[in-house]
$ cat model.pdb   # PDB, C-alpha atoms and all ligand atoms
ATOM      1  CA  MET E   1       9.564  -6.536 -22.416  1.00  0.00           C
ATOM      2  CA  THR E   2       9.076  -4.543 -19.180  1.00  0.00           C
ATOM      3  CA  THR E   3       9.441  -6.526 -15.982  1.00  0.00           C
ATOM      4  CA  PRO E   4       6.200  -6.035 -14.041  1.00  0.00           C
ATOM      5  CA  ALA E   5       6.613  -4.068 -10.807  1.00  0.00           C
ATOM      6  CA  LEU E   6       4.261  -6.582  -9.212  1.00  0.00           C
ATOM      7  CA  GLU E   7       3.203  -9.965 -10.457  1.00  0.00           C
ATOM      8  CA  LEU E   8       0.846 -12.318  -8.642  1.00  0.00           C
ATOM      9  CA  THR E   9       0.417 -15.821 -10.026  1.00  0.00           C
ATOM     10  CA  ASP E  10      -2.425 -18.097  -8.900  1.00  0.00           C
ATOM     11  CA  ILE E  11      -2.510 -16.728  -5.357  1.00  0.00           C
ATOM     12  CA  GLU E  12      -4.576 -18.693  -2.852  1.00  0.00           C
ATOM     13  CA  TYR E  13      -5.068 -17.715   0.756  1.00  0.00           C
ATOM     14  CA  LYS E  14      -7.288 -19.053   3.491  1.00  0.00           C
ATOM     15  CA  TYR E  15      -7.893 -18.021   7.095  1.00  0.00           C
ATOM     16  CA  ARG E  16      -8.354 -21.457   8.685  1.00  0.00           C
ATOM     17  CA  ARG E  17     -11.309 -22.814   6.690  1.00  0.00           C
ATOM     18  CA  ASN E  18     -12.381 -19.434   5.318  1.00  0.00           C
ATOM     19  CA  VAL E  19     -11.028 -19.224   1.755  1.00  0.00           C
ATOM     20  CA  ALA E  20     -10.304 -15.558   0.923  1.00  0.00           C
ATOM     21  CA  LEU E  21      -8.392 -15.882  -2.381  1.00  0.00           C
ATOM     22  CA  ARG E  22      -9.003 -18.730  -4.828  1.00  0.00           C
ATOM     23  CA  GLY E  23      -6.346 -18.285  -7.501  1.00  0.00           C
ATOM     24  CA  VAL E  24      -5.696 -14.633  -8.299  1.00  0.00           C
ATOM     25  CA  SER E  25      -3.248 -13.665 -11.038  1.00  0.00           C
ATOM     26  CA  LEU E  26      -2.364 -10.134 -12.054  1.00  0.00           C
ATOM     27  CA  GLN E  27       0.503  -8.077 -13.397  1.00  0.00           C
ATOM     28  CA  ILE E  28       1.095  -4.427 -12.651  1.00  0.00           C
ATOM     29  CA  ASN E  29       3.648  -2.433 -14.604  1.00  0.00           C
ATOM     30  CA  PRO E  30       5.802   0.470 -13.386  1.00  0.00           C
ATOM     31  CA  GLY E  31       3.784   3.700 -13.379  1.00  0.00           C
ATOM     32  CA  GLU E  32       0.403   1.988 -13.487  1.00  0.00           C
ATOM     33  CA  ILE E  33      -2.298   3.177 -11.099  1.00  0.00           C
ATOM     34  CA  VAL E  34      -4.604   0.298 -10.258  1.00  0.00           C
ATOM     35  CA  ALA E  35      -7.809   0.326  -8.230  1.00  0.00           C
ATOM     36  CA  ILE E  36      -8.762  -2.994  -6.633  1.00  0.00           C
ATOM     37  CA  THR E  37     -12.513  -2.935  -6.156  1.00  0.00           C
ATOM     38  CA  GLY E  38     -15.300  -5.345  -5.231  1.00  0.00           C
ATOM     39  CA  ALA E  39     -17.891  -5.977  -2.545  1.00  0.00           C
ATOM     40  CA  SER E  40     -16.967  -6.156   1.120  1.00  0.00           C
ATOM     41  CA  GLY E  41     -15.334  -9.496   1.947  1.00  0.00           C
ATOM     42  CA  CYS E  42     -14.311 -10.357  -1.639  1.00  0.00           C
ATOM     43  CA  GLY E  43     -10.622 -10.510  -0.663  1.00  0.00           C
ATOM     44  CA  LYS E  44      -9.208  -7.068  -1.518  1.00  0.00           C
ATOM     45  CA  SER E  45      -7.282  -6.470   1.719  1.00  0.00           C
ATOM     46  CA  THR E  46      -6.041 -10.061   1.788  1.00  0.00           C
ATOM     47  CA  LEU E  47      -4.685  -9.597  -1.734  1.00  0.00           C
ATOM     48  CA  LEU E  48      -2.906  -6.398  -0.750  1.00  0.00           C
ATOM     49  CA  HIS E  49      -1.402  -8.039   2.332  1.00  0.00           C
ATOM     50  CA  CYS E  50      -0.135 -10.970   0.228  1.00  0.00           C
ATOM     51  CA  ALA E  51       1.392  -8.528  -2.291  1.00  0.00           C
ATOM     52  CA  ALA E  52       3.086  -6.630   0.543  1.00  0.00           C
ATOM     53  CA  GLY E  53       4.596  -9.801   2.002  1.00  0.00           C
ATOM     54  CA  ILE E  54       2.608  -9.279   5.225  1.00  0.00           C
ATOM     55  CA  LEU E  55       0.684 -12.527   4.594  1.00  0.00           C
ATOM     56  CA  THR E  56       2.267 -15.554   2.942  1.00  0.00           C
ATOM     57  CA  PRO E  57      -0.051 -17.140   0.355  1.00  0.00           C
ATOM     58  CA  ASP E  58      -0.937 -20.828   0.724  1.00  0.00           C
ATOM     59  CA  ALA E  59      -0.241 -21.281  -2.981  1.00  0.00           C
ATOM     60  CA  GLY E  60       1.027 -19.195  -5.876  1.00  0.00           C
ATOM     61  CA  ALA E  61       3.847 -16.704  -6.291  1.00  0.00           C
ATOM     62  CA  VAL E  62       4.371 -13.014  -5.580  1.00  0.00           C
ATOM     63  CA  ARG E  63       7.107 -11.305  -7.616  1.00  0.00           C
ATOM     64  CA  VAL E  64       8.313  -7.787  -6.950  1.00  0.00           C
ATOM     65  CA  ASN E  65      10.360  -6.368  -9.832  1.00  0.00           C
ATOM     66  CA  GLY E  66      10.873  -9.947 -10.979  1.00  0.00           C
ATOM     67  CA  GLN E  67      12.027 -11.302  -7.617  1.00  0.00           C
ATOM     68  CA  GLU E  68       9.885 -13.984  -6.058  1.00  0.00           C
ATOM     69  CA  LEU E  69       9.314 -13.182  -2.395  1.00  0.00           C
ATOM     70  CA  ALA E  70       9.266 -16.848  -1.309  1.00  0.00           C
ATOM     71  CA  SER E  71      12.712 -17.451  -2.847  1.00  0.00           C
ATOM     72  CA  LEU E  72      14.362 -14.818  -0.649  1.00  0.00           C
ATOM     73  CA  SER E  73      15.783 -15.286   2.836  1.00  0.00           C
ATOM     74  CA  ALA E  74      13.802 -13.578   5.604  1.00  0.00           C
ATOM     75  CA  ASP E  75      16.446 -10.811   5.786  1.00  0.00           C
ATOM     76  CA  ASP E  76      16.468 -10.212   2.027  1.00  0.00           C
ATOM     77  CA  ARG E  77      12.690 -10.210   1.937  1.00  0.00           C
ATOM     78  CA  ALA E  78      12.572  -7.660   4.743  1.00  0.00           C
ATOM     79  CA  ALA E  79      15.143  -5.491   2.926  1.00  0.00           C
ATOM     80  CA  LEU E  80      13.176  -5.668  -0.321  1.00  0.00           C
ATOM     81  CA  ARG E  81       9.977  -4.735   1.485  1.00  0.00           C
ATOM     82  CA  ARG E  82      11.718  -1.813   3.207  1.00  0.00           C
ATOM     83  CA  THR E  83      13.256  -0.356   0.078  1.00  0.00           C
ATOM     84  CA  GLN E  84      10.907  -1.230  -2.764  1.00  0.00           C
ATOM     85  CA  ILE E  85       7.427  -1.434  -1.279  1.00  0.00           C
ATOM     86  CA  GLY E  86       5.547   1.380   0.444  1.00  0.00           C
ATOM     87  CA  VAL E  87       2.459   0.257   2.330  1.00  0.00           C
ATOM     88  CA  VAL E  88      -0.455   2.331   3.571  1.00  0.00           C
ATOM     89  CA  LEU E  89      -2.684   0.210   5.802  1.00  0.00           C
ATOM     90  CA  GLN E  90      -6.051   1.092   7.262  1.00  0.00           C
ATOM     91  CA  PHE E  91      -5.043   0.983  10.923  1.00  0.00           C
ATOM     92  CA  GLY E  92      -2.193   0.889  13.373  1.00  0.00           C
ATOM     93  CA  GLN E  93       0.689   1.508  11.064  1.00  0.00           C
ATOM     94  CA  LEU E  94       2.394   4.309  12.937  1.00  0.00           C
ATOM     95  CA  VAL E  95       4.425   3.653  16.065  1.00  0.00           C
ATOM     96  CA  PRO E  96       2.505   5.030  19.073  1.00  0.00           C
ATOM     97  CA  ASP E  97       4.297   7.549  21.320  1.00  0.00           C
ATOM     98  CA  VAL E  98       6.714   8.442  18.529  1.00  0.00           C
ATOM     99  CA  LYS E  99       6.518  11.902  16.929  1.00  0.00           C
ATOM    100  CA  LEU E 100       5.164  11.992  13.376  1.00  0.00           C
ATOM    101  CA  VAL E 101       8.454  13.229  11.973  1.00  0.00           C
ATOM    102  CA  ASP E 102      10.272  10.291  13.566  1.00  0.00           C
ATOM    103  CA  ASN E 103       7.584   7.854  12.404  1.00  0.00           C
ATOM    104  CA  VAL E 104       8.046   9.048   8.828  1.00  0.00           C
ATOM    105  CA  ALA E 105      11.855   9.060   9.139  1.00  0.00           C
ATOM    106  CA  LEU E 106      11.931   5.483  10.437  1.00  0.00           C
ATOM    107  CA  PRO E 107      12.087   3.639   7.071  1.00  0.00           C
ATOM    108  CA  LEU E 108      15.030   5.824   6.025  1.00  0.00           C
ATOM    109  CA  LEU E 109      16.885   5.168   9.287  1.00  0.00           C
ATOM    110  CA  LEU E 110      16.312   1.431   8.813  1.00  0.00           C
ATOM    111  CA  ALA E 111      17.690   1.770   5.288  1.00  0.00           C
ATOM    112  CA  GLY E 112      20.888   3.303   6.707  1.00  0.00           C
ATOM    113  CA  HIS E 113      20.370   7.031   6.086  1.00  0.00           C
ATOM    114  CA  SER E 114      21.769   9.511   8.595  1.00  0.00           C
ATOM    115  CA  ARG E 115      19.420  10.881  11.228  1.00  0.00           C
ATOM    116  CA  SER E 116      19.671  14.442   9.888  1.00  0.00           C
ATOM    117  CA  GLU E 117      18.992  13.437   6.283  1.00  0.00           C
ATOM    118  CA  ALA E 118      16.072  11.218   7.332  1.00  0.00           C
ATOM    119  CA  HIS E 119      14.669  14.114   9.362  1.00  0.00           C
ATOM    120  CA  VAL E 120      14.870  16.565   6.447  1.00  0.00           C
ATOM    121  CA  GLN E 121      13.159  14.149   4.063  1.00  0.00           C
ATOM    122  CA  ALA E 122      10.485  13.241   6.613  1.00  0.00           C
ATOM    123  CA  LEU E 123       9.637  16.930   7.073  1.00  0.00           C
ATOM    124  CA  GLU E 124       9.472  17.381   3.303  1.00  0.00           C
ATOM    125  CA  TRP E 125       6.992  14.511   2.975  1.00  0.00           C
ATOM    126  CA  LEU E 126       4.901  15.741   5.901  1.00  0.00           C
ATOM    127  CA  LYS E 127       4.703  19.031   3.990  1.00  0.00           C
ATOM    128  CA  GLN E 128       3.670  17.233   0.803  1.00  0.00           C
ATOM    129  CA  VAL E 129       0.756  15.608   2.622  1.00  0.00           C
ATOM    130  CA  GLY E 130      -0.182  18.880   4.336  1.00  0.00           C
ATOM    131  CA  ILE E 131       0.640  18.194   7.995  1.00  0.00           C
ATOM    132  CA  GLU E 132       4.114  19.637   8.518  1.00  0.00           C
ATOM    133  CA  GLY E 133       2.636  21.645  11.422  1.00  0.00           C
ATOM    134  CA  GLU E 134       2.026  18.357  13.288  1.00  0.00           C
ATOM    135  CA  ALA E 135       5.563  17.018  12.965  1.00  0.00           C
ATOM    136  CA  ASP E 136       6.132  16.981  16.736  1.00  0.00           C
ATOM    137  CA  ALA E 137       2.774  15.456  17.649  1.00  0.00           C
ATOM    138  CA  VAL E 138       2.364  11.751  18.422  1.00  0.00           C
ATOM    139  CA  PRO E 139      -0.299   9.682  16.595  1.00  0.00           C
ATOM    140  CA  ALA E 140      -2.740   9.617  19.550  1.00  0.00           C
ATOM    141  CA  GLU E 141      -2.900  13.431  19.521  1.00  0.00           C
ATOM    142  CA  LEU E 142      -4.104  13.516  15.910  1.00  0.00           C
ATOM    143  CA  SER E 143      -7.197  12.606  13.937  1.00  0.00           C
ATOM    144  CA  GLY E 144      -7.563   9.432  11.892  1.00  0.00           C
ATOM    145  CA  GLY E 145      -7.199  11.503   8.738  1.00  0.00           C
ATOM    146  CA  GLN E 146      -3.970  13.126   9.925  1.00  0.00           C
ATOM    147  CA  ASN E 147      -2.582   9.713  10.829  1.00  0.00           C
ATOM    148  CA  GLN E 148      -3.557   8.491   7.384  1.00  0.00           C
ATOM    149  CA  ARG E 149      -1.650  11.353   5.759  1.00  0.00           C
ATOM    150  CA  ALA E 150       1.382  10.526   7.902  1.00  0.00           C
ATOM    151  CA  ALA E 151       1.091   6.873   6.831  1.00  0.00           C
ATOM    152  CA  VAL E 152       1.174   7.998   3.185  1.00  0.00           C
ATOM    153  CA  ALA E 153       4.252  10.164   3.876  1.00  0.00           C
ATOM    154  CA  ARG E 154       5.929   7.186   5.518  1.00  0.00           C
ATOM    155  CA  ALA E 155       5.084   4.911   2.600  1.00  0.00           C
ATOM    156  CA  LEU E 156       6.543   7.343   0.053  1.00  0.00           C
ATOM    157  CA  VAL E 157       9.631   8.573   1.911  1.00  0.00           C
ATOM    158  CA  THR E 158      11.965   5.837   0.643  1.00  0.00           C
ATOM    159  CA  GLY E 159      10.946   6.336  -3.007  1.00  0.00           C
ATOM    160  CA  PRO E 160       9.575   2.783  -3.379  1.00  0.00           C
ATOM    161  CA  SER E 161       8.866   1.273  -6.796  1.00  0.00           C
ATOM    162  CA  ILE E 162       5.473  -0.026  -5.601  1.00  0.00           C
ATOM    163  CA  VAL E 163       2.976   1.607  -3.278  1.00  0.00           C
ATOM    164  CA  LEU E 164       0.180  -0.566  -1.885  1.00  0.00           C
ATOM    165  CA  ALA E 165      -2.591   1.359  -0.178  1.00  0.00           C
ATOM    166  CA  ASP E 166      -5.653  -0.016   1.612  1.00  0.00           C
ATOM    167  CA  GLU E 167      -8.486   2.538   1.480  1.00  0.00           C
ATOM    168  CA  PRO E 168      -6.036   5.480   1.475  1.00  0.00           C
ATOM    169  CA  THR E 169      -8.834   8.063   1.583  1.00  0.00           C
ATOM    170  CA  GLY E 170     -10.937   6.097   4.087  1.00  0.00           C
ATOM    171  CA  SER E 171     -10.915   8.478   7.082  1.00  0.00           C
ATOM    172  CA  LEU E 172     -10.831  11.725   5.123  1.00  0.00           C
ATOM    173  CA  ASP E 173     -13.580  14.050   3.949  1.00  0.00           C
ATOM    174  CA  SER E 174     -13.884  14.350   0.192  1.00  0.00           C
ATOM    175  CA  ARG E 175     -11.631  17.414  -0.203  1.00  0.00           C
ATOM    176  CA  ALA E 176      -8.847  16.021   1.999  1.00  0.00           C
ATOM    177  CA  GLY E 177      -9.260  12.645   0.289  1.00  0.00           C
ATOM    178  CA  LYS E 178      -8.814  14.266  -3.091  1.00  0.00           C
ATOM    179  CA  GLU E 179      -5.662  16.087  -1.951  1.00  0.00           C
ATOM    180  CA  LEU E 180      -4.085  12.959  -0.515  1.00  0.00           C
ATOM    181  CA  LEU E 181      -4.973  11.001  -3.617  1.00  0.00           C
ATOM    182  CA  GLU E 182      -3.248  13.674  -5.670  1.00  0.00           C
ATOM    183  CA  VAL E 183      -0.031  13.166  -3.647  1.00  0.00           C
ATOM    184  CA  LEU E 184      -0.133   9.425  -4.331  1.00  0.00           C
ATOM    185  CA  VAL E 185      -0.975   9.832  -8.014  1.00  0.00           C
ATOM    186  CA  GLN E 186       1.709  12.488  -8.571  1.00  0.00           C
ATOM    187  CA  ALA E 187       4.299  10.243  -6.930  1.00  0.00           C
ATOM    188  CA  ALA E 188       3.259   7.444  -9.284  1.00  0.00           C
ATOM    189  CA  ARG E 189       3.369   9.695 -12.358  1.00  0.00           C
ATOM    190  CA  TYR E 190       6.674  11.434 -11.701  1.00  0.00           C
ATOM    191  CA  ARG E 191       8.618   8.497 -10.354  1.00  0.00           C
ATOM    192  CA  GLY E 192       7.084   5.684 -12.331  1.00  0.00           C
ATOM    193  CA  THR E 193       5.855   4.119  -9.102  1.00  0.00           C
ATOM    194  CA  ALA E 194       3.250   1.378  -9.474  1.00  0.00           C
ATOM    195  CA  LEU E 195       0.336   2.385  -7.277  1.00  0.00           C
ATOM    196  CA  VAL E 196      -2.197  -0.218  -6.154  1.00  0.00           C
ATOM    197  CA  MET E 197      -5.155   1.016  -4.126  1.00  0.00           C
ATOM    198  CA  VAL E 198      -7.887  -1.040  -2.517  1.00  0.00           C
ATOM    199  CA  THR E 199     -10.966   1.133  -2.535  1.00  0.00           C
ATOM    200  CA  HIS E 200     -14.704   1.613  -2.233  1.00  0.00           C
ATOM    201  CA  ASP E 201     -14.271   5.268  -3.207  1.00  0.00           C
ATOM    202  CA  ASN E 202     -15.337   6.199  -6.750  1.00  0.00           C
ATOM    203  CA  LEU E 203     -12.924   9.121  -6.708  1.00  0.00           C
ATOM    204  CA  VAL E 204     -10.006   6.756  -6.148  1.00  0.00           C
ATOM    205  CA  ALA E 205     -11.199   4.420  -8.890  1.00  0.00           C
ATOM    206  CA  ALA E 206     -11.513   7.447 -11.197  1.00  0.00           C
ATOM    207  CA  SER E 207      -7.796   8.275 -10.711  1.00  0.00           C
ATOM    208  CA  ALA E 208      -6.737   4.800 -11.750  1.00  0.00           C
ATOM    209  CA  THR E 209      -5.500   3.669 -15.146  1.00  0.00           C
ATOM    210  CA  ARG E 210      -6.942   0.211 -14.559  1.00  0.00           C
ATOM    211  CA  GLU E 211      -9.594  -1.292 -12.332  1.00  0.00           C
ATOM    212  CA  ILE E 212      -9.366  -4.878 -11.158  1.00  0.00           C
ATOM    213  CA  ARG E 213     -12.619  -6.064  -9.661  1.00  0.00           C
ATOM    214  CA  LEU E 214     -12.639  -9.061  -7.342  1.00  0.00           C
ATOM    215  CA  ARG E 215     -15.559 -11.287  -6.551  1.00  0.00           C
ATOM    216  CA  ASP E 216     -15.497 -14.131  -4.033  1.00  0.00           C
ATOM    217  CA  GLY E 217     -11.706 -14.373  -4.071  1.00  0.00           C
ATOM    218  CA  VAL E 218     -11.163 -14.329  -7.841  1.00  0.00           C
ATOM    219  CA  VAL E 219     -10.701 -11.598 -10.448  1.00  0.00           C
ATOM    220  CA  GLN E 220     -14.163 -10.932 -11.840  1.00  0.00           C
ATOM    221  CA  HIS E 221     -12.982  -8.518 -14.492  1.00  0.00           C
ATOM    222  CA  GLU E 222     -10.364  -5.935 -15.393  1.00  0.00           C
ATOM    223  CA  VAL E 223     -11.065  -2.659 -17.119  1.00  0.00           C
ATOM    224  CA  VAL E 224      -8.498  -0.294 -18.645  1.00  0.00           C
ATOM    225  CA  LEU E 225      -9.738   3.215 -17.817  1.00  0.00           C
TER     226      LEU E 225
HETATM  227  N1  LIG F 301      -8.293 -12.423  10.211  1.00  0.00           N
HETATM  228  C1  LIG F 301      -9.266 -13.078   9.581  1.00  0.00           C
HETATM  229  N2  LIG F 301      -9.710 -14.251  10.052  1.00  0.00           N
HETATM  230  C2  LIG F 301     -10.689 -14.955   9.428  1.00  0.00           C
HETATM  231  N3  LIG F 301     -11.271 -14.563   8.273  1.00  0.00           N
HETATM  232  C3  LIG F 301     -10.866 -13.392   7.750  1.00  0.00           C
HETATM  233  C4  LIG F 301      -9.844 -12.589   8.380  1.00  0.00           C
HETATM  234  N4  LIG F 301      -9.635 -11.486   7.607  1.00  0.00           N
HETATM  235  C5  LIG F 301     -10.485 -11.600   6.581  1.00  0.00           C
HETATM  236  N5  LIG F 301     -11.212 -12.718   6.656  1.00  0.00           N
HETATM  237  C6  LIG F 301     -12.231 -13.181   5.693  1.00  0.00           C
HETATM  238  O1  LIG F 301     -11.625 -13.312   4.408  1.00  0.00           O
HETATM  239  C7  LIG F 301     -12.491 -12.843   3.395  1.00  0.00           C
HETATM  240  C8  LIG F 301     -11.810 -11.698   2.639  1.00  0.00           C
HETATM  241  O2  LIG F 301     -11.592 -10.619   3.531  1.00  0.00           O
HETATM  242  P1  LIG F 301     -10.882  -9.258   3.099  1.00  0.00           P
HETATM  243  O3  LIG F 301     -10.733  -8.421   4.337  1.00  0.00           O
HETATM  244  O4  LIG F 301      -9.682  -9.562   2.316  1.00  0.00           O
HETATM  245  O5  LIG F 301     -12.010  -8.637   2.152  1.00  0.00           O
HETATM  246  P2  LIG F 301     -12.176  -7.146   1.620  1.00  0.00           P
HETATM  247  O6  LIG F 301     -12.680  -7.257   0.231  1.00  0.00           O
HETATM  248  O7  LIG F 301     -10.943  -6.366   1.854  1.00  0.00           O
HETATM  249  O8  LIG F 301     -13.333  -6.580   2.562  1.00  0.00           O
HETATM  250  P3  LIG F 301     -13.656  -5.056   2.996  1.00  0.00           P
HETATM  251  O9  LIG F 301     -14.022  -4.323   1.732  1.00  0.00           O
HETATM  252  O10 LIG F 301     -14.845  -5.208   3.914  1.00  0.00           O
HETATM  253  O11 LIG F 301     -12.451  -4.512   3.700  1.00  0.00           O
HETATM  254  C9  LIG F 301     -13.775 -12.437   4.103  1.00  0.00           C
HETATM  255  O12 LIG F 301     -14.657 -13.516   4.039  1.00  0.00           O
HETATM  256  C10 LIG F 301     -13.351 -12.178   5.521  1.00  0.00           C
HETATM  257  O13 LIG F 301     -14.406 -12.417   6.422  1.00  0.00           O
END
$ encode --input "model.pdb" --output "structure tokens"
Amino acid sequence: MTTPALELTDIEYKYRRNVALRGVSLQINPGEIVAITGASGCGKSTLLHCAAGILTPDAGAVRVNGQELASLSADDRAALRRTQIGVVLQFGQLVPDVKLVDNVALPLLLAGHSRSEAHVQALEWLKQVGIEGEADAVPAELSGGQNQRAAVARALVTGPSIVLADEPTGSLDSRAGKELLEVLVQAARYRGTALVMVTHDNLVAASATREIRLRDGVVQHEVVL
């Protein structure tokens, strides 16, 4: 039996008294492309943050390639997140005042790659997402959409086994959104990456192999597409 790339079991999360997740379980296999959908406030981003290890659930377990995050030391958890999980968040993911190429190279430097190798790979990924011409610009000099492309390049540069993306096409027009989506989907297809995207965008949902719809902090239904 395949070990799921990502497995959530009975996840609960609350912000003070505001309960966001009320027992969510799901399994995502390598190479699957999953759209997490549902009305605003149903818990999609909270779920993604729990899966990424950014938030720690109040109850339940998160397993990445069979390893339970809570069972790892803080250092091991950080290493697993760096090497196996690529995250594309909605805002503030890039380091301000740092050139795009260096922002994208950062995860490779942290993983111990040489500066020159990290630089070459970062440029390659900036090319893949269509902004190699902006390599020397800093995030504040660029549009939201360009920053979003750079965030995708940074999430993919380490060749993670899971990519978690929160509204990856959110600040892009439909053509640019489609192109960026294609980069994510191709990465999932060719490398067997599990791709999980939180989305309101029908185009994103249409690229998925499965849709998981949340409602009021629980899975309302799942559809294989
Ligand atoms: N930092 C926070 N503090 C308090 N409550 C929060 C916080 N973040 C989210 N919530 C609440 O938790 C619930 C789930 O929010 P979440 O952002 O996960 O939903 P979502 O489905 O991603 O929404 P959207 O589609 O609007 O981004 C909502 O009721 C929201 O108001």
$ resolve_selection --input "model.pdb" --expression "the PyMOL selection byres (((chain E and resi 135) around 8) and not hetatm)" --output "list in words"
Lys99, Leu100, Val101, Leu123, Leu126, Ile131, Glu132, Gly133, Glu134, Asp136 and Ala137 of chain E
$ closest_atom_pairs --input "model.pdb" --of "region 88-168 of chain E" --to "region 174-186 of chain E" --cutoff "9 Å" --atoms "all atoms listed in the file" --output "Markdown table"
| residue | atom | partner | partner_atom | distance |
| --- | --- | --- | --- | --- |
| E:Gln128 | CA | E:Val183 | CA | 7.1 |
| E:Val129 | CA | E:Leu180 | CA | 6.3 |
| E:Gly130 | CA | E:Leu180 | CA | 8.6 |
| E:Gly145 | CA | E:Ala176 | CA | 8.3 |
| E:Arg149 | CA | E:Leu180 | CA | 6.9 |
| E:Val152 | CA | E:Leu184 | CA | 7.8 |
| E:Leu156 | CA | E:Leu184 | CA | 8.3 |
| E:Val163 | CA | E:Leu184 | CA | 8.5 |
| E:Pro168 | CA | E:Leu181 | CA | 7.6 |
$ resolve_selection --input "model.pdb" --expression "the PyMOL selection byres (((not hetatm)) within 7 of (chain F and resi 301))" --output "PyMOL selection string"
chain E and resi 15-16+18-20+38-47
$ closest_residue --input "model.pdb" --among "E:Ala35, E:Leu8, E:Val64, E:Ala151" --to "Ile85 (chain E)" --atoms "only C-alpha atoms"
E:Val64
$ closest_residue --input "model.pdb" --among "E:Thr193, E:Asn103, E:Ser207, E:Thr2" --to "Pro160 (chain E)" --atoms "all atoms listed in the file"
E:Thr193
$ axis_aligned_box --input "model.pdb" --around "region 78-93 of chain E" --padding-each-side "4 Å" --output "JSON"
{"center_x": 4.5, "center_y": -2.7, "center_z": 5.3, "size_x": 29.2, "size_y": 18.0, "size_z": 24.1}
$ resolve_selection --input "model.pdb" --expression "the PyMOL selection byres (((chain E and resi 22) around 6) and not hetatm)" --output "JSON, numbers by chain"
{"E": [12, 21, 23, 217, 218]}
$ residues_around --input "model.pdb" --residues "Ala70 (chain E)" --least-positions-apart "3" --cutoff "8 Å" --atoms "all atoms listed in the file" --output "number ranges by chain"
E: 61-62, 73
$ closest_residue --input "model.pdb" --among "E:Arg191, E:Gln148, E:Leu106, E:Asp201" --to "Pro30 (chain E)" --atoms "only C-alpha atoms"
E:Arg191
$ atom_distance --input "model.pdb" --atom1 "CA of His113 (chain E)" --atom2 "CA of Ile162 (chain E)"
20.2 Å
$ closest_residue --input "model.pdb" --among "E:Val98, E:Ala59, E:Ala187, E:Ala208" --to "Thr9 (chain E)" --atoms "all atoms listed in the file"
E:Ala59
$ residues_around --input "model.pdb" --residues "region 76-83 of chain E" --least-positions-apart "2" --cutoff "9 Å" --atoms "only C-alpha atoms" --output "NGL selection string"
:E and (52-53 or 64 or 69-74 or 85-86 or 107-108 or 110-111 or 158-161)
$ atom_distance --input "model.pdb" --atom1 "CA of Ile36 (chain E)" --atom2 "CA of Gln84 (chain E)"
20.1 Å
$ closest_residue --input "model.pdb" --among "E:Ile212, E:Ala122, E:Leu6, E:Val196" --to "Glu167 (chain E)" --atoms "all atoms listed in the file"
E:Val196
$ atom_distance --input "model.pdb" --atom1 "CA of Gly170 (chain E)" --atom2 "CA of Pro4 (chain E)"
27.7 Å
$ decode --input "model.pdb" --residues "region 69-81 of chain E" --atoms "N, CA and C atoms" --output "PDB file, in the first residue's frame"
ATOM      1  N   LEU E  69       4.164  14.784  12.513  1.00  0.00           N
ATOM      2  CA  LEU E  69       4.903  16.018  12.825  1.00  0.00           C
ATOM      3  C   LEU E  69       5.129  16.180  14.325  1.00  0.00           C
ATOM      4  N   ALA E  70       4.079  15.885  15.131  1.00  0.00           N
ATOM      5  CA  ALA E  70       4.176  16.115  16.578  1.00  0.00           C
ATOM      6  C   ALA E  70       5.197  15.199  17.248  1.00  0.00           C
ATOM      7  N   SER E  71       5.577  14.099  16.582  1.00  0.00           N
ATOM      8  CA  SER E  71       6.523  13.165  17.209  1.00  0.00           C
ATOM      9  C   SER E  71       7.973  13.594  16.965  1.00  0.00           C
ATOM     10  N   LEU E  72       8.176  14.595  16.124  1.00  0.00           N
ATOM     11  CA  LEU E  72       9.532  15.012  15.787  1.00  0.00           C
ATOM     12  C   LEU E  72      10.015  16.129  16.708  1.00  0.00           C
ATOM     13  N   SER E  73      11.328  16.209  16.889  1.00  0.00           N
ATOM     14  CA  SER E  73      11.888  17.342  17.631  1.00  0.00           C
ATOM     15  C   SER E  73      11.687  18.598  16.772  1.00  0.00           C
ATOM     16  N   ALA E  74      11.804  19.763  17.390  1.00  0.00           N
ATOM     17  CA  ALA E  74      11.599  21.008  16.638  1.00  0.00           C
ATOM     18  C   ALA E  74      12.568  21.079  15.455  1.00  0.00           C
ATOM     19  N   ASP E  75      13.826  20.649  15.669  1.00  0.00           N
ATOM     20  CA  ASP E  75      14.820  20.704  14.585  1.00  0.00           C
ATOM     21  C   ASP E  75      14.453  19.758  13.453  1.00  0.00           C
ATOM     22  N   ASP E  76      14.035  18.531  13.813  1.00  0.00           N
ATOM     23  CA  ASP E  76      13.689  17.553  12.774  1.00  0.00           C
ATOM     24  C   ASP E  76      12.444  17.994  12.002  1.00  0.00           C
ATOM     25  N   ARG E  77      11.517  18.594  12.751  1.00  0.00           N
ATOM     26  CA  ARG E  77      10.297  19.078  12.099  1.00  0.00           C
ATOM     27  C   ARG E  77      10.644  20.198  11.113  1.00  0.00           C
ATOM     28  N   ALA E  78      11.516  21.084  11.540  1.00  0.00           N
ATOM     29  CA  ALA E  78      11.924  22.186  10.656  1.00  0.00           C
ATOM     30  C   ALA E  78      12.626  21.627   9.417  1.00  0.00           C
ATOM     31  N   ALA E  79      13.479  20.613   9.614  1.00  0.00           N
ATOM     32  CA  ALA E  79      14.201  20.024   8.475  1.00  0.00           C
ATOM     33  C   ALA E  79      13.227  19.355   7.519  1.00  0.00           C
ATOM     34  N   LEU E  80      12.247  18.646   8.064  1.00  0.00           N
ATOM     35  CA  LEU E  80      11.256  17.979   7.216  1.00  0.00           C
ATOM     36  C   LEU E  80      10.447  19.018   6.427  1.00  0.00           C
ATOM     37  N   ARG E  81      10.082  20.089   7.116  1.00  0.00           N
ATOM     38  CA  ARG E  81       9.319  21.136   6.411  1.00  0.00           C
ATOM     39  C   ARG E  81      10.158  21.754   5.302  1.00  0.00           C
TER      40      ARG E  81
END
